[in-house]
Structure formats: structure tokens, C-alpha cells
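**Student:** query.cif is reproduced in full below (mmCIF, C-alpha atoms).
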```cif
data_run
#
loop_
_atom_site.label_atom_id
_atom_site.label_comp_id
_atom_site.auth_asym_id
_atom_site.auth_seq_id
_atom_site.Cartn_x
_atom_site.Cartn_y
_atom_site.Cartn_z
CA MET A 1323 35.65 -33.88 -13.30
CA SER A 1324 34.76 -31.60 -10.38
CA PRO A 1325 34.70 -32.81 -6.76
CA HIS A 1326 31.69 -30.52 -6.17
CA PRO A 1327 28.07 -31.41 -6.88
CA ASP A 1328 26.47 -29.34 -9.66
CA ARG A 1329 24.19 -27.49 -7.23
CA LEU A 1330 27.16 -26.43 -5.11
CA LEU A 1331 29.00 -25.24 -8.21
CA ARG A 1332 25.95 -23.19 -9.23
CA LEU A 1333 25.77 -21.67 -5.73
CA ILE A 1334 29.45 -20.70 -5.84
CA HIS A 1335 29.01 -19.19 -9.29
CA ALA A 1336 25.87 -17.28 -8.18
CA LEU A 1337 27.65 -15.79 -5.16
CA ARG A 1338 30.25 -14.25 -7.48
CA CYS A 1339 27.67 -11.69 -8.64
CA LEU A 1340 28.19 -9.87 -5.33
CA PRO A 1341 30.63 -6.92 -5.41
CA GLY A 1342 34.09 -7.79 -4.18
CA VAL A 1343 33.41 -11.53 -4.12
CA GLY A 1344 35.88 -13.54 -6.16
CA PRO A 1345 36.10 -17.31 -6.71
CA ARG A 1346 37.71 -18.07 -3.32
CA SER A 1347 35.35 -15.86 -1.32
CA ALA A 1348 32.34 -17.36 -3.10
CA GLN A 1349 33.58 -20.86 -2.36
CA ARG A 1350 34.21 -20.09 1.33
CA THR A 1351 30.76 -18.49 1.65
CA ALA A 1352 29.04 -21.45 0.02
CA TYR A 1353 30.90 -23.92 2.27
CA HIS A 1354 30.02 -21.89 5.36
CA LEU A 1355 26.32 -21.67 4.52
CA LEU A 1356 26.01 -25.37 3.76
CA GLN A 1357 28.25 -26.64 6.54
CA HIS A 1358 27.61 -24.27 9.46
CA ASP A 1359 24.53 -22.14 8.84
CA ARG A 1360 21.84 -23.85 6.79
CA ALA A 1361 19.14 -22.01 8.75
CA GLY A 1362 20.80 -18.70 7.93
CA ALA A 1363 21.03 -19.72 4.29
CA LEU A 1364 17.28 -20.38 4.21
CA VAL A 1365 16.57 -16.99 5.77
CA LEU A 1366 18.90 -15.34 3.27
CA ALA A 1367 17.24 -17.11 0.33
CA GLN A 1368 13.72 -16.20 1.49
CA THR A 1369 14.64 -12.60 2.30
CA LEU A 1370 16.29 -12.15 -1.09
CA THR A 1371 13.20 -13.59 -2.81
CA ASP A 1372 10.94 -11.27 -0.81
CA ALA A 1373 13.07 -8.25 -1.71
CA LEU A 1374 13.10 -9.13 -5.41
CA GLU A 1375 9.32 -9.53 -5.40
CA GLY A 1376 8.45 -6.58 -3.16
CA VAL A 1377 10.97 -3.81 -3.79
CA GLN A 1378 10.41 -1.53 -6.77
CA HIS A 1379 11.45 1.91 -7.98
CA CYS A 1380 9.65 4.99 -6.66
CA GLN A 1381 7.57 6.54 -9.44
CA GLN A 1382 8.97 9.99 -8.70
CA CYS A 1383 12.54 9.74 -7.40
CA ASN A 1384 13.51 6.29 -8.76
CA ASN A 1385 14.84 5.16 -5.35
CA PHE A 1386 13.92 1.76 -3.91
CA THR A 1387 10.55 1.45 -2.18
CA GLU A 1388 7.81 -1.06 -1.43
CA ASN A 1389 5.08 1.38 -2.51
CA PRO A 1390 4.43 3.43 -5.65
CA LEU A 1391 5.95 6.43 -3.81
CA CYS A 1392 8.77 6.24 -1.27
CA GLU A 1393 8.38 7.89 2.14
CA LEU A 1394 10.42 10.93 1.12
CA CYS A 1395 8.34 11.62 -1.99
CA ALA A 1396 5.09 11.02 -0.09
CA SER A 1397 6.09 13.49 2.64
CA ASP A 1398 4.61 17.00 2.53
CA GLN A 1399 7.52 18.26 4.66
CA ARG A 1400 10.03 18.26 1.77
CA ASP A 1401 10.80 21.37 -0.30
CA GLY A 1402 9.54 20.62 -3.81
CA ARG A 1403 11.51 23.52 -5.29
CA LEU A 1404 14.81 21.65 -4.79
CA LEU A 1405 15.77 18.44 -6.60
CA CYS A 1406 19.04 16.71 -5.73
CA VAL A 1407 20.34 14.25 -8.34
CA LEU A 1408 22.40 11.33 -7.01
CA GLU A 1409 23.99 8.23 -8.50
CA THR A 1410 22.87 5.56 -6.01
CA PRO A 1411 20.50 4.87 -3.10
CA ALA A 1412 23.62 4.74 -0.87
CA ASP A 1413 24.38 8.34 -1.86
CA LEU A 1414 20.83 9.36 -0.91
CA LEU A 1415 21.26 7.71 2.48
CA MET A 1416 24.47 9.66 3.09
CA MET A 1417 22.78 12.91 2.06
CA GLU A 1418 19.90 12.27 4.47
CA GLN A 1419 22.34 11.55 7.29
CA THR A 1420 23.71 15.08 7.01
CA ARG A 1421 20.27 16.44 8.05
CA SER A 1422 21.12 19.55 6.02
CA TYR A 1423 18.92 18.99 2.98
CA GLN A 1424 15.13 19.04 2.97
CA GLY A 1425 14.38 19.00 -0.75
CA ARG A 1426 13.41 16.20 -3.11
CA TYR A 1427 15.65 13.62 -4.78
CA PHE A 1428 16.21 11.74 -8.01
CA VAL A 1429 18.39 8.61 -8.01
CA LEU A 1430 19.98 7.74 -11.35
CA MET A 1431 20.86 4.16 -10.35
CA GLY A 1432 24.22 4.55 -12.06
CA ARG A 1433 26.33 6.98 -14.07
CA LEU A 1434 27.32 7.41 -17.67
CA SER A 1435 30.12 4.97 -18.45
CA PRO A 1436 30.47 3.87 -22.07
CA LEU A 1437 33.21 1.39 -21.13
CA ASP A 1438 30.74 -0.37 -18.82
CA GLY A 1439 27.91 -0.12 -21.33
CA MET A 1440 26.02 2.51 -19.30
CA GLY A 1441 24.33 5.04 -21.58
CA PRO A 1442 21.65 7.72 -21.01
CA GLN A 1443 18.83 5.18 -21.17
CA ASP A 1444 20.46 3.09 -18.42
CA ILE A 1445 20.48 5.94 -15.90
CA HIS A 1446 16.90 7.12 -16.53
CA LEU A 1447 17.72 10.58 -17.90
CA ASP A 1448 14.33 10.80 -19.64
CA LYS A 1449 12.59 10.19 -16.30
CA LEU A 1450 14.84 12.79 -14.66
CA VAL A 1451 13.85 15.42 -17.24
CA ARG A 1452 10.16 14.74 -16.61
CA ARG A 1453 10.73 14.97 -12.85
CA ALA A 1454 12.73 18.20 -13.08
CA CYS A 1455 10.14 19.80 -15.39
CA ASP A 1456 7.19 19.09 -13.09
CA GLY A 1457 6.37 22.78 -12.72
CA MET A 1458 7.43 22.87 -9.07
CA THR A 1459 11.19 22.28 -9.29
CA GLN A 1460 13.24 25.48 -9.48
CA GLU A 1461 16.78 24.28 -8.69
CA VAL A 1462 18.48 21.02 -9.61
CA ILE A 1463 21.49 20.16 -7.42
CA LEU A 1464 23.93 17.84 -9.19
CA ALA A 1465 25.46 15.58 -6.55
CA THR A 1466 27.09 12.95 -8.72
CA ASN A 1467 30.52 11.74 -7.65
CA PHE A 1468 33.70 13.58 -8.62
CA THR A 1469 34.94 10.78 -10.84
CA ALA A 1470 35.37 11.04 -14.61
CA GLU A 1471 32.05 9.22 -15.04
CA GLY A 1472 30.30 11.34 -12.42
CA GLU A 1473 31.53 14.55 -14.03
CA ALA A 1474 30.41 13.34 -17.48
CA THR A 1475 27.00 12.52 -16.02
CA ALA A 1476 26.68 15.96 -14.40
CA HIS A 1477 27.67 17.60 -17.70
CA ALA A 1478 25.10 15.58 -19.67
CA ILE A 1479 22.35 16.49 -17.19
CA THR A 1480 23.36 20.16 -17.35
CA GLU A 1481 23.10 20.10 -21.15
CA LEU A 1482 19.65 18.50 -20.94
CA LEU A 1483 18.21 20.83 -18.30
CA ARG A 1484 19.88 24.19 -18.99
CA PRO A 1485 17.46 25.12 -21.83
CA ARG A 1486 14.47 24.48 -19.55
CA GLY A 1487 14.96 27.54 -17.35
CA LEU A 1488 16.02 25.68 -14.20
CA ILE A 1489 18.76 26.78 -11.80
CA LEU A 1490 21.53 24.19 -12.00
CA THR A 1491 24.08 23.88 -9.19
CA ARG A 1492 26.87 21.40 -8.41
CA ILE A 1493 27.91 20.31 -4.92
CA ALA A 1494 31.26 21.84 -3.95
CA ARG A 1495 34.60 20.07 -3.72
CA GLY A 1496 37.30 20.88 -1.24
CA LEU A 1497 38.80 20.15 2.13
CA PRO A 1498 37.07 17.75 4.51
CA VAL A 1499 35.73 19.14 7.77
CA GLY A 1500 38.48 18.86 10.37
CA GLY A 1501 41.08 18.16 7.68
CA GLU A 1502 44.65 19.45 7.95
CA LEU A 1503 46.40 20.82 4.88
CA GLU A 1504 49.53 18.69 5.23
CA TYR A 1505 47.45 15.49 4.98
CA VAL A 1506 45.25 16.53 2.03
CA ASP A 1507 46.15 15.40 -1.48
CA SER A 1508 47.24 18.11 -3.91
CA GLY A 1509 44.22 17.67 -6.21
CA THR A 1510 41.76 18.27 -3.39
CA LEU A 1511 43.75 21.26 -2.15
CA ALA A 1512 43.90 22.76 -5.66
CA GLN A 1513 40.14 22.35 -6.04
CA ALA A 1514 39.51 23.95 -2.65
CA LEU A 1515 41.63 26.92 -3.72
CA LEU A 1516 39.74 27.27 -7.01
CA GLU A 1517 36.37 27.11 -5.24
CA ARG A 1518 37.25 29.54 -2.46
CA ARG A 1519 34.60 31.99 -1.25
CA PRO A 1520 34.52 35.22 0.79
CA SER A 1521 35.37 34.75 4.46
CA ALA A 1522 32.45 35.13 6.85
#
```
Represent the structure from my file as C-alpha cells, please.
**Tutor:**
Amino acid sequence: MSPHPDRLLRLIHALRCLPGVGPRSAQRTAYHLLQHDRAGALVLAQTLTDALEGVQHCQQCNNFTENPLCELCASDQRDGRLLCVLETPADLLMMEQTRSYQGRYFVLMGRLSPLDGMGPQDIHLDKLVRRACDGMTQEVILATNFTAEGEATAHAITELLRPRGLILTRIARGLPVGGELEYVDSGTLAQALLERRPSA
């Protein structure tokens, strides 16, 4: 017999869907919301409901938006010849913060990972092919992460798009800006050496 009411148990269980939240964290969060911040809990509940009802995927880039097209896809200031493929909306945000890329995007919303049950249909590869073959795209920049899953995803995309006459490029790996060699791991240093280029 549990000392918690059923509704509190359901709240604790629901909070565990959040990344990094285990049983103890979920319990502490539930206690805090009910004991100290009921007004905040109501705002959270309403905001989450609003987001679930109002946020959708952009018809072109697959990122989150409230409209059929996101602001980036609706802009006529972006270079339609370039298409950068990313794993997540967070990756797109980081790319935009560099202010060094003015092309278009496609967000996979994941990466190939058979162990996690993520196959080609789960990361919208069919939609990506349609987007890349829109008649305007000339170069597809693969900016998936340098993990085993990210590399497998980049390889699968390359195999899909190579026969279609597109230029396929991969973001470079190497030393971080301002990094010192003695503090860089050997794998990163080896990759930087392999991907060296002529000195300016």
C-alpha cells in the first residue's frame, strides 16, 4: 500500500518521461510543485497543453513551428542552393548562433539507431529526399553528430542522395577554436591531422 494518492503517483510517473529525471528527481519535482508552487504548476500544465496543440513540424525543413512553414523556410534571404541536415532542433539553433550559414535546413528529429528502434522511417528520410530533390538544392551539408549513430545516419543519407547528382559534403572534425594540443584527446587530434588543409 502506497502512502501517496494515485494522482500524485501518476504525476511522479509522468515526470519521469523527461530526460535525466529518475524516480527521486520526479518525486522531488512533484512534491515541490504541489507543496510550494501550485500556480507555477498550473502555468506549466497550460503551457505544455498549448505547445502540444499549437506546435507542429514545418512542411519543408521538419523543424518545430506554429505555422505551415517556419520563419527560416519562409524567408527569402536564405540560400536555397544549400541544405544542411541536422539531427535535432537544438542542433539547428547552435548552427544559427554561429551566424556563418545562410542556407536552408532539414531536421531529422533523430538518428539511425537500431538498438533504440530508430529506423529510416523514424527520421523522415523520405521527406529529406523530396526536400533535397526540389530542383533548387545543389549541395547537401551533412551535419549529424560524430557518434556511431550520427556517422551511420550520414552514410545512409549519402547513399540515398549520391545517385541524384547533388554535391554532398560533411562538416569537418578537428581541434576546437582556442584549443591547445596538450589538452585535446588523441582521437580529436588524429582526426584533425587526417583532415588537414593547405595553410593560408
**Student:** Excluding A:Ser1347 and its own-chain neighbours fewer than 4 positions away, which residues fall within 9 Å of it when counting all atoms listed in the file? Please give them as a list of chain:residue names.
**Tutor:**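 My reading of the contact set: A:Ile1334, A:Leu1337, A:Arg1338, A:Gly1342, A:Val1343, A:Thr1351, A:Ala1352.
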**Student:** Report as a list of chain:residue names the full result of the PyMOL selection byres ((chain A and resi 1395) around 12) when it is applied to this structure.
**Tutor:** A:His1379, A:Cys1380, A:Gln1381, A:Gln1382, A:Cys1383, A:Asn1384, A:Asn1385, A:Phe1386, A:Thr1387, A:Asn1389, A:Pro1390, A:Leu1391, A:Cys1392, A:Glu1393, A:Leu1394, A:Ala1396, A:Ser1397, A:Asp1398, A:Gln1399, A:Arg1400, A:Asp1401, A:Gly1402, A:Leu1405, A:Gln1424, A:Gly1425, A:Arg1426, A:Tyr1427, A:Phe1428, A:Arg1453
**Student:** Go ahead and compute the interatomic distance for atom CA of A:Met1431 and atom CA of A:Ala1474, in Å to one decimal.
**Tutor:**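 Between atom CA of A:Met1431 and atom CA of A:Ala1474 the gap works out to 15.0 Å.
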**Student:** Please enumerate the residues selected by the PyMOL selection byres ((chain A and resi 1477) around 12) when evaluated against the supplied file, formatted as a list of chain:residue names.
**Tutor:** A:Arg1433, A:Leu1434, A:Leu1464, A:Ala1465, A:Thr1466, A:Asn1467, A:Phe1468, A:Ala1470, A:Glu1471, A:Gly1472, A:Glu1473, A:Ala1474, A:Thr1475, A:Ala1476, A:Ala1478, A:Ile1479, A:Thr1480, A:Glu1481, A:Leu1482, A:Leu1483, A:Arg1484, A:Leu1490, A:Thr1491, A:Arg1492
**Student:** Could the residues in this selection be saved with C-alpha atoms as an mmCIF file, keeping the file's coordinate frame?
**Tutor:**
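Now in part-v4.cif:
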```cif
data_model
loop_
_atom_site.group_PDB
_atom_site.id
_atom_site.type_symbol
_atom_site.label_atom_id
_atom_site.label_comp_id
_atom_site.auth_asym_id
_atom_site.auth_seq_id
_atom_site.Cartn_x
_atom_site.Cartn_y
_atom_site.Cartn_z
ATOM 1 C CA ARG A 1433 26.330 6.980 -14.070
ATOM 2 C CA LEU A 1434 27.320 7.410 -17.670
ATOM 3 C CA LEU A 1464 23.930 17.840 -9.190
ATOM 4 C CA ALA A 1465 25.460 15.580 -6.550
ATOM 5 C CA THR A 1466 27.090 12.950 -8.720
ATOM 6 C CA ASN A 1467 30.520 11.740 -7.650
ATOM 7 C CA PHE A 1468 33.700 13.580 -8.620
ATOM 8 C CA ALA A 1470 35.370 11.040 -14.610
ATOM 9 C CA GLU A 1471 32.050 9.220 -15.040
ATOM 10 C CA GLY A 1472 30.300 11.340 -12.420
ATOM 11 C CA GLU A 1473 31.530 14.550 -14.030
ATOM 12 C CA ALA A 1474 30.410 13.340 -17.480
ATOM 13 C CA THR A 1475 27.000 12.520 -16.020
ATOM 14 C CA ALA A 1476 26.680 15.960 -14.400
ATOM 15 C CA ALA A 1478 25.100 15.580 -19.670
ATOM 16 C CA ILE A 1479 22.350 16.490 -17.190
ATOM 17 C CA THR A 1480 23.360 20.160 -17.350
ATOM 18 C CA GLU A 1481 23.100 20.100 -21.150
ATOM 19 C CA LEU A 1482 19.650 18.500 -20.940
ATOM 20 C CA LEU A 1483 18.210 20.830 -18.300
ATOM 21 C CA ARG A 1484 19.880 24.190 -18.990
ATOM 22 C CA LEU A 1490 21.530 24.190 -12.000
ATOM 23 C CA THR A 1491 24.080 23.880 -9.190
ATOM 24 C CA ARG A 1492 26.870 21.400 -8.410
#
```
**Student:** Quick one: residues within 10 Å of stretch 1516-1520 of chain A, all atoms listed in the file counted, chain neighbours fewer than 4 positions away excluded, as a list in words?
**Tutor:**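 The contact residues come out as Ala1494, Arg1495, Gly1496, Thr1510, Leu1511 and Ala1512 of chain A.
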**Student:** Interatomic distance between atom CA of A:Arg1486 and atom CA of A:Gln1460?
**Tutor:** 10.2 Å
**Student:** Could you pull stretch 1501-1513 of chain A out of the structure just shown and give all heavy atoms as a short mmCIF file (atom, residue, chain, number, x, y, z; two decimals), in the first residue's frame?
**Tutor:**
```cif
data_model
loop_
_atom_site.label_atom_id
_atom_site.label_comp_id
_atom_site.auth_asym_id
_atom_site.auth_seq_id
_atom_site.Cartn_x
_atom_site.Cartn_y
_atom_site.Cartn_z
N GLY A 1501 41.72 25.90 -28.79
CA GLY A 1501 42.17 24.71 -28.08
C GLY A 1501 43.69 24.57 -28.11
O GLY A 1501 44.36 25.03 -29.03
N GLU A 1502 44.24 23.96 -27.08
CA GLU A 1502 45.67 23.69 -27.00
C GLU A 1502 45.90 22.19 -27.14
O GLU A 1502 45.18 21.38 -26.55
CB GLU A 1502 46.23 24.21 -25.68
CG GLU A 1502 46.09 25.72 -25.54
CD GLU A 1502 46.66 26.23 -24.24
OE1 GLU A 1502 47.56 25.56 -23.67
OE2 GLU A 1502 46.20 27.28 -23.78
N LEU A 1503 46.93 21.82 -27.91
CA LEU A 1503 47.15 20.42 -28.24
C LEU A 1503 47.27 19.52 -27.02
O LEU A 1503 46.77 18.40 -27.02
CB LEU A 1503 48.40 20.27 -29.11
CG LEU A 1503 48.33 20.87 -30.51
CD1 LEU A 1503 49.60 20.51 -31.28
CD2 LEU A 1503 47.12 20.39 -31.26
N GLU A 1504 47.92 19.99 -25.96
CA GLU A 1504 48.15 19.12 -24.81
C GLU A 1504 46.85 18.76 -24.08
O GLU A 1504 46.81 17.80 -23.31
CB GLU A 1504 49.14 19.75 -23.84
CG GLU A 1504 48.64 20.99 -23.15
CD GLU A 1504 49.64 21.52 -22.13
OE1 GLU A 1504 49.96 20.79 -21.17
OE2 GLU A 1504 50.10 22.66 -22.32
N TYR A 1505 45.77 19.52 -24.33
CA TYR A 1505 44.51 19.26 -23.64
C TYR A 1505 43.48 18.57 -24.53
O TYR A 1505 42.36 18.31 -24.10
CB TYR A 1505 43.92 20.56 -23.10
CG TYR A 1505 44.84 21.26 -22.13
CD1 TYR A 1505 45.41 22.47 -22.46
CD2 TYR A 1505 45.14 20.67 -20.90
CE1 TYR A 1505 46.29 23.10 -21.56
CE2 TYR A 1505 45.99 21.29 -20.02
CZ TYR A 1505 46.57 22.52 -20.35
OH TYR A 1505 47.41 23.13 -19.48
N VAL A 1506 43.84 18.28 -25.78
CA VAL A 1506 42.91 17.67 -26.73
C VAL A 1506 43.07 16.16 -26.69
O VAL A 1506 44.18 15.64 -26.60
CB VAL A 1506 43.18 18.21 -28.15
CG1 VAL A 1506 42.33 17.47 -29.18
CG2 VAL A 1506 42.90 19.70 -28.22
N ASP A 1507 41.96 15.42 -26.74
CA ASP A 1507 42.06 13.96 -26.72
C ASP A 1507 42.69 13.47 -28.01
O ASP A 1507 42.65 14.13 -29.05
CB ASP A 1507 40.68 13.33 -26.52
CG ASP A 1507 39.75 13.56 -27.69
OD1 ASP A 1507 39.10 14.63 -27.73
OD2 ASP A 1507 39.70 12.68 -28.56
N SER A 1508 43.28 12.27 -27.96
CA SER A 1508 44.05 11.76 -29.08
C SER A 1508 43.20 11.50 -30.31
O SER A 1508 43.66 11.67 -31.44
CB SER A 1508 44.78 10.47 -28.67
OG SER A 1508 43.86 9.49 -28.24
N GLY A 1509 41.93 11.10 -30.12
CA GLY A 1509 41.05 10.86 -31.26
C GLY A 1509 40.77 12.13 -32.04
O GLY A 1509 40.81 12.14 -33.28
N THR A 1510 40.52 13.22 -31.33
CA THR A 1510 40.26 14.50 -31.98
C THR A 1510 41.51 14.99 -32.70
O THR A 1510 41.45 15.49 -33.84
CB THR A 1510 39.81 15.55 -30.95
OG1 THR A 1510 38.59 15.10 -30.35
CG2 THR A 1510 39.58 16.91 -31.60
N LEU A 1511 42.67 14.83 -32.06
CA LEU A 1511 43.92 15.26 -32.67
C LEU A 1511 44.23 14.44 -33.92
O LEU A 1511 44.65 14.99 -34.96
CB LEU A 1511 45.06 15.13 -31.65
CG LEU A 1511 46.43 15.66 -32.09
CD1 LEU A 1511 46.33 17.11 -32.55
CD2 LEU A 1511 47.42 15.54 -30.95
N ALA A 1512 43.99 13.14 -33.87
CA ALA A 1512 44.22 12.28 -35.04
C ALA A 1512 43.31 12.70 -36.19
O ALA A 1512 43.73 12.76 -37.35
CB ALA A 1512 43.98 10.82 -34.67
N GLN A 1513 42.06 13.01 -35.88
CA GLN A 1513 41.12 13.42 -36.93
C GLN A 1513 41.53 14.76 -37.53
O GLN A 1513 41.45 14.98 -38.73
CB GLN A 1513 39.70 13.52 -36.37
CG GLN A 1513 38.63 13.53 -37.42
CD GLN A 1513 38.61 12.26 -38.24
OE1 GLN A 1513 38.63 11.16 -37.71
NE2 GLN A 1513 38.57 12.41 -39.54
#
```
